[in-house]
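Engineer: Structure: work_29.txt, compact mmCIF, N, CA and C atoms.
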# COMPACT_ATOMS: atom_id res chain seq x y z
N MET A 1 68.53 81.70 95.30
CA MET A 1 69.96 81.82 95.41
C MET A 1 70.48 80.61 96.20
N THR A 2 71.52 79.98 95.69
CA THR A 2 72.07 78.81 96.34
C THR A 2 72.87 79.20 97.58
N LEU A 3 73.13 78.21 98.41
CA LEU A 3 73.91 78.44 99.61
C LEU A 3 75.30 78.98 99.25
N THR A 4 75.91 78.45 98.21
CA THR A 4 77.22 78.91 97.77
C THR A 4 77.17 80.37 97.33
N ASP A 5 76.13 80.75 96.59
CA ASP A 5 75.98 82.14 96.15
C ASP A 5 75.77 83.07 97.34
N ARG A 6 74.97 82.64 98.30
CA ARG A 6 74.74 83.46 99.49
C ARG A 6 76.03 83.63 100.28
N LEU A 7 76.80 82.54 100.40
CA LEU A 7 78.07 82.60 101.12
C LEU A 7 79.04 83.54 100.42
N LYS A 8 79.11 83.47 99.08
CA LYS A 8 79.97 84.38 98.32
C LYS A 8 79.56 85.83 98.54
N LYS A 9 78.25 86.08 98.57
CA LYS A 9 77.77 87.45 98.77
C LYS A 9 78.15 87.96 100.16
N VAL A 10 78.00 87.12 101.17
CA VAL A 10 78.36 87.53 102.54
C VAL A 10 79.86 87.80 102.61
N ILE A 11 80.67 86.95 101.98
CA ILE A 11 82.12 87.16 101.98
C ILE A 11 82.47 88.47 101.28
N MET A 12 81.81 88.75 100.16
CA MET A 12 82.05 90.00 99.43
C MET A 12 81.64 91.20 100.28
N GLN A 13 80.48 91.11 100.93
CA GLN A 13 80.03 92.20 101.78
C GLN A 13 81.00 92.40 102.95
N TYR A 14 81.45 91.31 103.53
CA TYR A 14 82.37 91.41 104.66
C TYR A 14 83.69 92.05 104.22
N THR A 15 84.14 91.69 103.01
CA THR A 15 85.37 92.27 102.46
C THR A 15 85.19 93.77 102.24
N GLN A 16 84.08 94.18 101.60
CA GLN A 16 83.81 95.60 101.39
C GLN A 16 83.71 96.32 102.73
N PHE A 17 83.00 95.72 103.66
CA PHE A 17 82.83 96.30 104.99
C PHE A 17 84.19 96.54 105.64
N ASN A 18 85.09 95.58 105.51
CA ASN A 18 86.42 95.72 106.12
C ASN A 18 87.28 96.76 105.40
N LEU A 19 87.15 96.87 104.08
CA LEU A 19 87.89 97.91 103.37
C LEU A 19 87.41 99.30 103.80
N ILE A 20 86.11 99.46 103.91
CA ILE A 20 85.56 100.71 104.44
C ILE A 20 86.01 100.89 105.89
N GLY A 21 86.08 99.77 106.60
CA GLY A 21 86.54 99.80 107.99
C GLY A 21 87.95 100.35 108.14
N ILE A 22 88.78 100.17 107.12
CA ILE A 22 90.13 100.73 107.18
C ILE A 22 90.06 102.25 107.24
N THR A 23 89.20 102.83 106.40
CA THR A 23 89.05 104.30 106.46
C THR A 23 88.42 104.71 107.79
N ASN A 24 87.48 103.92 108.27
CA ASN A 24 86.88 104.21 109.58
C ASN A 24 87.96 104.18 110.66
N GLY A 25 88.82 103.18 110.58
CA GLY A 25 89.90 103.05 111.56
C GLY A 25 90.85 104.22 111.54
N ILE A 26 91.17 104.68 110.33
CA ILE A 26 92.06 105.85 110.22
C ILE A 26 91.40 107.07 110.85
N ILE A 27 90.12 107.28 110.53
CA ILE A 27 89.39 108.41 111.11
C ILE A 27 89.31 108.27 112.63
N ASP A 28 89.00 107.06 113.10
CA ASP A 28 88.82 106.80 114.53
C ASP A 28 90.12 107.04 115.30
N ILE A 29 91.19 106.39 114.88
CA ILE A 29 92.45 106.49 115.64
C ILE A 29 93.08 107.88 115.49
N ALA A 30 92.95 108.48 114.29
CA ALA A 30 93.54 109.81 114.08
C ALA A 30 92.81 110.86 114.92
N SER A 31 91.48 110.81 114.93
CA SER A 31 90.75 111.81 115.73
C SER A 31 90.96 111.58 117.22
N PHE A 32 91.04 110.32 117.65
CA PHE A 32 91.33 110.00 119.05
C PHE A 32 92.67 110.58 119.47
N ASN A 33 93.70 110.34 118.65
CA ASN A 33 95.04 110.85 118.98
C ASN A 33 95.13 112.36 118.85
N LEU A 34 94.37 112.95 117.93
CA LEU A 34 94.33 114.41 117.83
C LEU A 34 93.76 115.01 119.11
N LEU A 35 92.68 114.42 119.60
CA LEU A 35 92.09 114.90 120.86
C LEU A 35 93.08 114.75 122.02
N LEU A 36 93.78 113.61 122.07
CA LEU A 36 94.79 113.42 123.12
C LEU A 36 95.94 114.41 122.99
N TRP A 37 96.31 114.73 121.77
CA TRP A 37 97.40 115.68 121.55
C TRP A 37 96.98 117.09 121.94
N LEU A 38 95.74 117.47 121.55
CA LEU A 38 95.24 118.81 121.86
C LEU A 38 94.97 118.99 123.35
N TRP A 39 94.36 117.98 123.96
CA TRP A 39 94.00 118.04 125.38
C TRP A 39 94.43 116.75 126.08
N PRO A 40 95.72 116.66 126.40
CA PRO A 40 96.23 115.43 127.04
C PRO A 40 95.49 115.15 128.36
N THR A 41 95.23 113.90 128.61
CA THR A 41 94.55 113.53 129.85
C THR A 41 94.82 112.07 130.17
N GLU A 42 94.68 111.77 131.44
CA GLU A 42 94.69 110.39 131.91
C GLU A 42 93.39 110.08 132.64
N GLN A 43 92.46 111.05 132.64
CA GLN A 43 91.18 110.87 133.30
C GLN A 43 90.30 109.93 132.49
N GLY A 44 89.78 108.91 133.16
CA GLY A 44 88.96 107.91 132.48
C GLY A 44 87.75 108.48 131.76
N GLY A 45 87.06 109.43 132.39
CA GLY A 45 85.88 110.02 131.78
C GLY A 45 86.20 110.76 130.49
N LEU A 46 87.28 111.52 130.49
CA LEU A 46 87.68 112.24 129.28
C LEU A 46 88.15 111.27 128.19
N LEU A 47 88.86 110.23 128.59
CA LEU A 47 89.29 109.23 127.61
C LEU A 47 88.08 108.56 126.94
N LEU A 48 87.05 108.26 127.74
CA LEU A 48 85.83 107.68 127.16
C LEU A 48 85.12 108.69 126.25
N LEU A 49 85.15 109.96 126.61
CA LEU A 49 84.58 111.00 125.75
C LEU A 49 85.34 111.06 124.43
N TYR A 50 86.66 111.06 124.48
CA TYR A 50 87.48 111.06 123.26
C TYR A 50 87.17 109.82 122.42
N ASN A 51 87.07 108.68 123.07
CA ASN A 51 86.73 107.45 122.36
C ASN A 51 85.36 107.58 121.69
N SER A 52 84.41 108.16 122.39
CA SER A 52 83.06 108.32 121.85
C SER A 52 83.03 109.28 120.66
N ILE A 53 83.74 110.40 120.76
CA ILE A 53 83.77 111.36 119.66
C ILE A 53 84.41 110.74 118.42
N SER A 54 85.55 110.10 118.60
CA SER A 54 86.23 109.51 117.45
C SER A 54 85.41 108.35 116.88
N TYR A 55 84.73 107.61 117.74
CA TYR A 55 83.86 106.53 117.28
C TYR A 55 82.71 107.10 116.44
N PHE A 56 82.10 108.19 116.90
CA PHE A 56 80.99 108.82 116.18
C PHE A 56 81.43 109.23 114.77
N LEU A 57 82.60 109.85 114.65
CA LEU A 57 83.09 110.27 113.33
C LEU A 57 83.29 109.06 112.42
N ALA A 58 83.80 107.97 112.97
CA ALA A 58 84.00 106.76 112.17
C ALA A 58 82.66 106.13 111.77
N VAL A 59 81.68 106.15 112.67
CA VAL A 59 80.36 105.59 112.37
C VAL A 59 79.66 106.39 111.27
N LEU A 60 79.80 107.69 111.31
CA LEU A 60 79.22 108.52 110.27
C LEU A 60 79.83 108.16 108.91
N ASN A 61 81.14 108.03 108.86
CA ASN A 61 81.82 107.60 107.64
C ASN A 61 81.34 106.21 107.22
N SER A 62 81.20 105.33 108.18
CA SER A 62 80.76 103.96 107.90
C SER A 62 79.37 103.94 107.26
N TYR A 63 78.46 104.71 107.82
CA TYR A 63 77.10 104.70 107.28
C TYR A 63 77.08 105.20 105.84
N ILE A 64 77.78 106.28 105.59
CA ILE A 64 77.80 106.86 104.24
C ILE A 64 78.31 105.84 103.23
N TRP A 65 79.45 105.23 103.50
CA TRP A 65 80.06 104.31 102.53
C TRP A 65 79.37 102.96 102.48
N ASN A 66 78.98 102.40 103.62
CA ASN A 66 78.31 101.09 103.59
C ASN A 66 76.93 101.17 102.96
N ALA A 67 76.22 102.27 103.18
CA ALA A 67 74.90 102.44 102.56
C ALA A 67 75.03 102.59 101.03
N ARG A 68 76.13 103.20 100.59
CA ARG A 68 76.33 103.41 99.14
C ARG A 68 76.92 102.21 98.43
N PHE A 69 77.66 101.37 99.15
CA PHE A 69 78.35 100.26 98.48
C PHE A 69 77.99 98.89 99.06
N THR A 70 78.40 98.62 100.27
CA THR A 70 78.30 97.28 100.83
C THR A 70 76.86 96.76 100.87
N PHE A 71 75.94 97.56 101.37
CA PHE A 71 74.55 97.13 101.54
C PHE A 71 73.59 97.92 100.66
N ARG A 72 74.07 98.47 99.55
CA ARG A 72 73.26 99.37 98.71
C ARG A 72 71.97 98.74 98.20
N ASP A 73 71.96 97.44 97.99
CA ASP A 73 70.75 96.77 97.50
C ASP A 73 69.63 96.76 98.53
N ASN A 74 69.98 96.98 99.78
CA ASN A 74 69.00 96.88 100.86
C ASN A 74 68.69 98.21 101.54
N VAL A 75 69.23 99.31 101.01
CA VAL A 75 69.04 100.62 101.63
C VAL A 75 67.68 101.19 101.26
N LYS A 76 66.96 101.66 102.26
CA LYS A 76 65.66 102.30 102.06
C LYS A 76 65.89 103.79 101.86
N LYS A 77 65.16 104.41 100.95
CA LYS A 77 65.29 105.84 100.67
C LYS A 77 64.50 106.65 101.71
N GLY A 78 65.00 107.86 101.99
CA GLY A 78 64.30 108.74 102.93
C GLY A 78 64.44 108.25 104.36
N TRP A 79 63.67 108.87 105.25
CA TRP A 79 63.70 108.48 106.66
C TRP A 79 62.92 107.19 106.81
N SER A 80 63.49 106.22 107.47
CA SER A 80 62.84 104.92 107.59
C SER A 80 63.23 104.27 108.91
N LYS A 81 62.58 103.16 109.19
CA LYS A 81 62.95 102.37 110.37
C LYS A 81 64.39 101.91 110.27
N GLN A 82 64.87 101.77 109.04
CA GLN A 82 66.25 101.33 108.82
C GLN A 82 67.24 102.31 109.46
N LYS A 83 66.98 103.59 109.32
CA LYS A 83 67.88 104.58 109.92
C LYS A 83 67.78 104.54 111.45
N ILE A 84 66.60 104.28 111.96
CA ILE A 84 66.44 104.13 113.41
C ILE A 84 67.24 102.92 113.88
N TRP A 85 67.14 101.80 113.15
CA TRP A 85 67.92 100.61 113.49
C TRP A 85 69.41 100.90 113.41
N PHE A 86 69.83 101.72 112.41
CA PHE A 86 71.24 102.07 112.31
C PHE A 86 71.69 102.84 113.55
N VAL A 87 70.91 103.81 113.97
CA VAL A 87 71.25 104.60 115.15
C VAL A 87 71.33 103.69 116.39
N LEU A 88 70.37 102.77 116.52
CA LEU A 88 70.37 101.85 117.67
C LEU A 88 71.61 100.95 117.65
N GLN A 89 71.97 100.43 116.46
CA GLN A 89 73.15 99.58 116.39
C GLN A 89 74.40 100.40 116.69
N ALA A 90 74.42 101.68 116.27
CA ALA A 90 75.57 102.53 116.55
C ALA A 90 75.71 102.77 118.05
N ILE A 91 74.60 102.96 118.73
CA ILE A 91 74.63 103.15 120.18
C ILE A 91 75.11 101.87 120.87
N ALA A 92 74.60 100.72 120.42
CA ALA A 92 75.04 99.44 121.00
C ALA A 92 76.53 99.22 120.74
N SER A 93 76.97 99.52 119.52
CA SER A 93 78.38 99.35 119.18
C SER A 93 79.27 100.34 119.94
N LEU A 94 78.76 101.55 120.20
CA LEU A 94 79.51 102.52 121.00
C LEU A 94 79.66 102.00 122.43
N PHE A 95 78.60 101.43 122.98
CA PHE A 95 78.68 100.83 124.32
C PHE A 95 79.74 99.73 124.33
N ILE A 96 79.72 98.87 123.32
CA ILE A 96 80.71 97.79 123.21
C ILE A 96 82.11 98.37 123.09
N SER A 97 82.26 99.42 122.27
CA SER A 97 83.56 100.08 122.09
C SER A 97 84.07 100.66 123.41
N ASN A 98 83.20 101.40 124.10
CA ASN A 98 83.63 102.02 125.36
C ASN A 98 83.94 100.99 126.43
N LEU A 99 83.14 99.94 126.50
CA LEU A 99 83.41 98.88 127.48
C LEU A 99 84.75 98.20 127.19
N THR A 100 84.97 97.87 125.92
CA THR A 100 86.22 97.23 125.53
C THR A 100 87.40 98.15 125.78
N PHE A 101 87.25 99.44 125.42
CA PHE A 101 88.31 100.42 125.64
C PHE A 101 88.62 100.54 127.13
N PHE A 102 87.60 100.66 127.95
CA PHE A 102 87.78 100.79 129.40
C PHE A 102 88.49 99.56 129.98
N LEU A 103 87.98 98.38 129.66
CA LEU A 103 88.58 97.16 130.21
C LEU A 103 90.00 96.95 129.69
N GLY A 104 90.20 97.21 128.39
CA GLY A 104 91.55 97.09 127.83
C GLY A 104 92.51 98.07 128.47
N ASN A 105 92.04 99.28 128.69
CA ASN A 105 92.87 100.30 129.33
C ASN A 105 93.24 99.89 130.74
N GLN A 106 92.27 99.36 131.49
CA GLN A 106 92.53 98.92 132.86
C GLN A 106 93.55 97.79 132.89
N LEU A 107 93.36 96.81 132.03
CA LEU A 107 94.27 95.65 132.00
C LEU A 107 95.67 96.07 131.59
N LEU A 108 95.78 96.87 130.55
CA LEU A 108 97.10 97.27 130.06
C LEU A 108 97.80 98.21 131.04
N ASN A 109 97.06 99.05 131.75
CA ASN A 109 97.66 99.88 132.79
C ASN A 109 98.20 99.01 133.91
N TRP A 110 97.49 97.96 134.24
CA TRP A 110 97.91 97.03 135.29
C TRP A 110 99.22 96.35 134.91
N ILE A 111 99.39 96.05 133.61
CA ILE A 111 100.62 95.43 133.14
C ILE A 111 101.80 96.39 133.25
N GLY A 112 101.52 97.69 133.13
CA GLY A 112 102.57 98.69 133.31
C GLY A 112 103.20 99.18 132.01
N LEU A 113 102.46 99.15 130.92
CA LEU A 113 102.97 99.66 129.65
C LEU A 113 102.92 101.19 129.65
N PRO A 114 103.69 101.83 128.75
CA PRO A 114 103.62 103.30 128.65
C PRO A 114 102.20 103.75 128.32
N LYS A 115 101.80 104.90 128.85
CA LYS A 115 100.41 105.38 128.73
C LYS A 115 99.97 105.55 127.28
N TRP A 116 100.81 106.10 126.41
CA TRP A 116 100.43 106.28 125.01
C TRP A 116 100.16 104.94 124.34
N LEU A 117 100.93 103.92 124.71
CA LEU A 117 100.74 102.58 124.15
C LEU A 117 99.46 101.95 124.70
N VAL A 118 99.23 102.11 125.99
CA VAL A 118 98.02 101.60 126.62
C VAL A 118 96.78 102.16 125.92
N ASP A 119 96.73 103.48 125.76
CA ASP A 119 95.57 104.11 125.14
C ASP A 119 95.35 103.64 123.71
N ASN A 120 96.42 103.53 122.94
CA ASN A 120 96.28 103.16 121.54
C ASN A 120 96.00 101.67 121.34
N VAL A 121 96.56 100.81 122.15
CA VAL A 121 96.24 99.38 122.06
C VAL A 121 94.80 99.14 122.50
N ALA A 122 94.39 99.80 123.59
CA ALA A 122 93.00 99.67 124.04
C ALA A 122 92.05 100.20 122.98
N LYS A 123 92.41 101.31 122.33
CA LYS A 123 91.59 101.87 121.25
C LYS A 123 91.50 100.90 120.08
N GLY A 124 92.62 100.31 119.69
CA GLY A 124 92.63 99.34 118.59
C GLY A 124 91.76 98.13 118.91
N LEU A 125 91.85 97.63 120.11
CA LEU A 125 91.02 96.51 120.54
C LEU A 125 89.54 96.88 120.50
N ALA A 126 89.22 98.07 121.00
CA ALA A 126 87.83 98.55 120.98
C ALA A 126 87.32 98.68 119.55
N MET A 127 88.17 99.16 118.65
CA MET A 127 87.78 99.31 117.25
C MET A 127 87.46 97.94 116.64
N PHE A 128 88.31 96.96 116.90
CA PHE A 128 88.11 95.62 116.33
C PHE A 128 86.82 94.98 116.85
N VAL A 129 86.62 95.00 118.15
CA VAL A 129 85.45 94.35 118.75
C VAL A 129 84.16 95.05 118.32
N SER A 130 84.15 96.39 118.36
CA SER A 130 82.92 97.11 117.98
C SER A 130 82.65 97.01 116.49
N ALA A 131 83.68 96.96 115.64
CA ALA A 131 83.47 96.80 114.19
C ALA A 131 82.87 95.45 113.88
N THR A 132 83.31 94.42 114.57
CA THR A 132 82.74 93.09 114.37
C THR A 132 81.27 93.08 114.77
N ALA A 133 80.97 93.66 115.92
CA ALA A 133 79.57 93.75 116.37
C ALA A 133 78.74 94.57 115.38
N SER A 134 79.31 95.67 114.90
CA SER A 134 78.61 96.53 113.96
C SER A 134 78.28 95.80 112.66
N PHE A 135 79.22 95.01 112.14
CA PHE A 135 78.94 94.24 110.92
C PHE A 135 77.78 93.28 111.15
N ILE A 136 77.79 92.59 112.25
CA ILE A 136 76.71 91.64 112.55
C ILE A 136 75.38 92.37 112.64
N PHE A 137 75.36 93.49 113.35
CA PHE A 137 74.12 94.27 113.46
C PHE A 137 73.64 94.78 112.10
N MET A 138 74.57 95.33 111.30
CA MET A 138 74.16 95.89 110.02
C MET A 138 73.74 94.82 109.02
N LYS A 139 74.45 93.72 108.99
CA LYS A 139 74.14 92.65 108.03
C LYS A 139 72.79 92.01 108.34
N TRP A 140 72.54 91.70 109.60
CA TRP A 140 71.36 90.91 109.92
C TRP A 140 70.21 91.69 110.56
N ILE A 141 70.41 92.97 110.82
CA ILE A 141 69.32 93.77 111.39
C ILE A 141 69.05 95.02 110.56
N VAL A 142 70.04 95.89 110.42
CA VAL A 142 69.82 97.20 109.79
C VAL A 142 69.52 97.08 108.31
N PHE A 143 70.38 96.39 107.56
CA PHE A 143 70.24 96.32 106.11
C PHE A 143 69.69 94.96 105.66
N ARG A 144 68.95 94.33 106.51
CA ARG A 144 68.36 93.03 106.22
C ARG A 144 67.28 93.17 105.15
N LYS A 145 67.26 92.23 104.23
CA LYS A 145 66.21 92.24 103.21
C LYS A 145 64.92 91.75 103.83
N GLY A 146 63.82 92.13 103.20
CA GLY A 146 62.53 91.60 103.64
C GLY A 146 61.66 92.64 104.28
N LYS A 147 60.46 92.24 104.59
CA LYS A 147 59.44 93.14 105.15
C LYS A 147 59.71 93.51 106.60
N ALA A 148 60.51 92.71 107.29
CA ALA A 148 60.70 92.94 108.72
C ALA A 148 61.31 94.31 109.03
N ARG A 149 62.11 94.89 108.12
CA ARG A 149 62.76 96.15 108.40
C ARG A 149 62.36 97.26 107.42
N SER A 150 61.32 97.06 106.64
CA SER A 150 60.90 98.11 105.71
C SER A 150 59.74 98.90 106.29
N ASN A 151 59.43 100.03 105.66
CA ASN A 151 58.32 100.86 106.14
C ASN A 151 57.00 100.31 105.68
Any chance you could put this one into structure tokens?
Structural biologist:
Amino acid sequence: MTLTDRLKKVIMQYTQFNLIGITNGIIDIASFNLLLWLWPTEQGGLLLLYNSISYFLAVLNSYIWNARFTFRDNVKKGWSKQKIWFVLQAIASLFISNLTFFLGNQLLNWIGLPKWLVDNVAKGLAMFVSATASFIFMKWIVFRKGKARSN
């Protein structure tokens, strides 16, 4: 495969990943706001829990759709090291999401914006940063071709 063909494939995968990411984003932000609506809070620990729950739901959606479409040529059937790598990347991406959410929340609170805006802007920032990290992990670690990640 030529460099141009490989570049086109990566661009196509990134495009598919981002389209799926839109549904992930809807699930993530909707479930986050549903939790805030059902159980309003300003406590940092609960906000991180809400972020984690909504992130988990989005990651589950992401795995289902990306395994079926974006990276389908590289998906291993059954239980494999690939699924372990997926779980590890999800944990790393959750850490990145929570760190970004926490820091964004702290910075935006310091600026003095309304609380609902602070939470949602910090959530959006966390979604963007963790989705970018997740793509990198999935493209070059989880769904990587070759013997390095197969059983």
Engineer: For a quick check of understanding, using all atoms listed in the file, which of A:Ile27, A:Leu36, A:Leu48, A:Leu125 has the smallest distance to Thr100 in chain A?
Structural biologist: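 That would be A:Leu125, the residue with the smallest distance to Thr100 in chain A.
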Engineer: Kindly give the distance, in Å, that separates CA of Phe69 in chain A and atom C of Phe86 in chain A, rounded to a single decimal.
Structural biologist: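 So the answer is 16.7 Å.
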Engineer: Just to confirm, what's the straight-line distance from CA of Ile136 in chain A to CA of Gly44 in chain A in Å (one decimal)?
Structural biologist: 28.5 Å
Engineer: Under the rule that only C-alpha atoms are counted, which of A:Asn109, A:Asn24, A:Thr70, A:Gln13 is the nearest residue to Met127 in chain A?
Structural biologist: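 Checking each candidate against Met127 in chain A, we get A:Asn24 as the closest.
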Engineer: Report the distance between CA of Pro40 in chain A and atom C of Ser54 in chain A in Å, rounded to one decimal place.
Structural biologist: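 Spanning CA of Pro40 in chain A to atom C of Ser54 in chain A is a straight-line distance of 16.4 Å.
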Engineer: Counting all atoms listed in the file, which of A:Trp85, A:Asn120, A:Ala58, A:Gly112 gets nearest to Ile26 in chain A?
Structural biologist: A:Ala58
Engineer: I need the residue nearest Thr23 in chain A from this list: A:Ser130, A:Asn61, A:Phe137, A:Gln89. Use all atoms listed in the file for the distance.
Structural biologist: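 Among A:Ser130, A:Asn61, A:Phe137, A:Gln89, it is A:Asn61 that comes nearest to Thr23 in chain A.
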Engineer: Quick one: of A:Leu94, A:Gly124, A:Trp37, A:Ile84, who's nearest to Phe56 in chain A, counting all atoms listed in the file?
Structural biologist: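 Of A:Leu94, A:Gly124, A:Trp37, A:Ile84, the one nearest Phe56 in chain A is A:Leu94, counting all atoms listed in the file.
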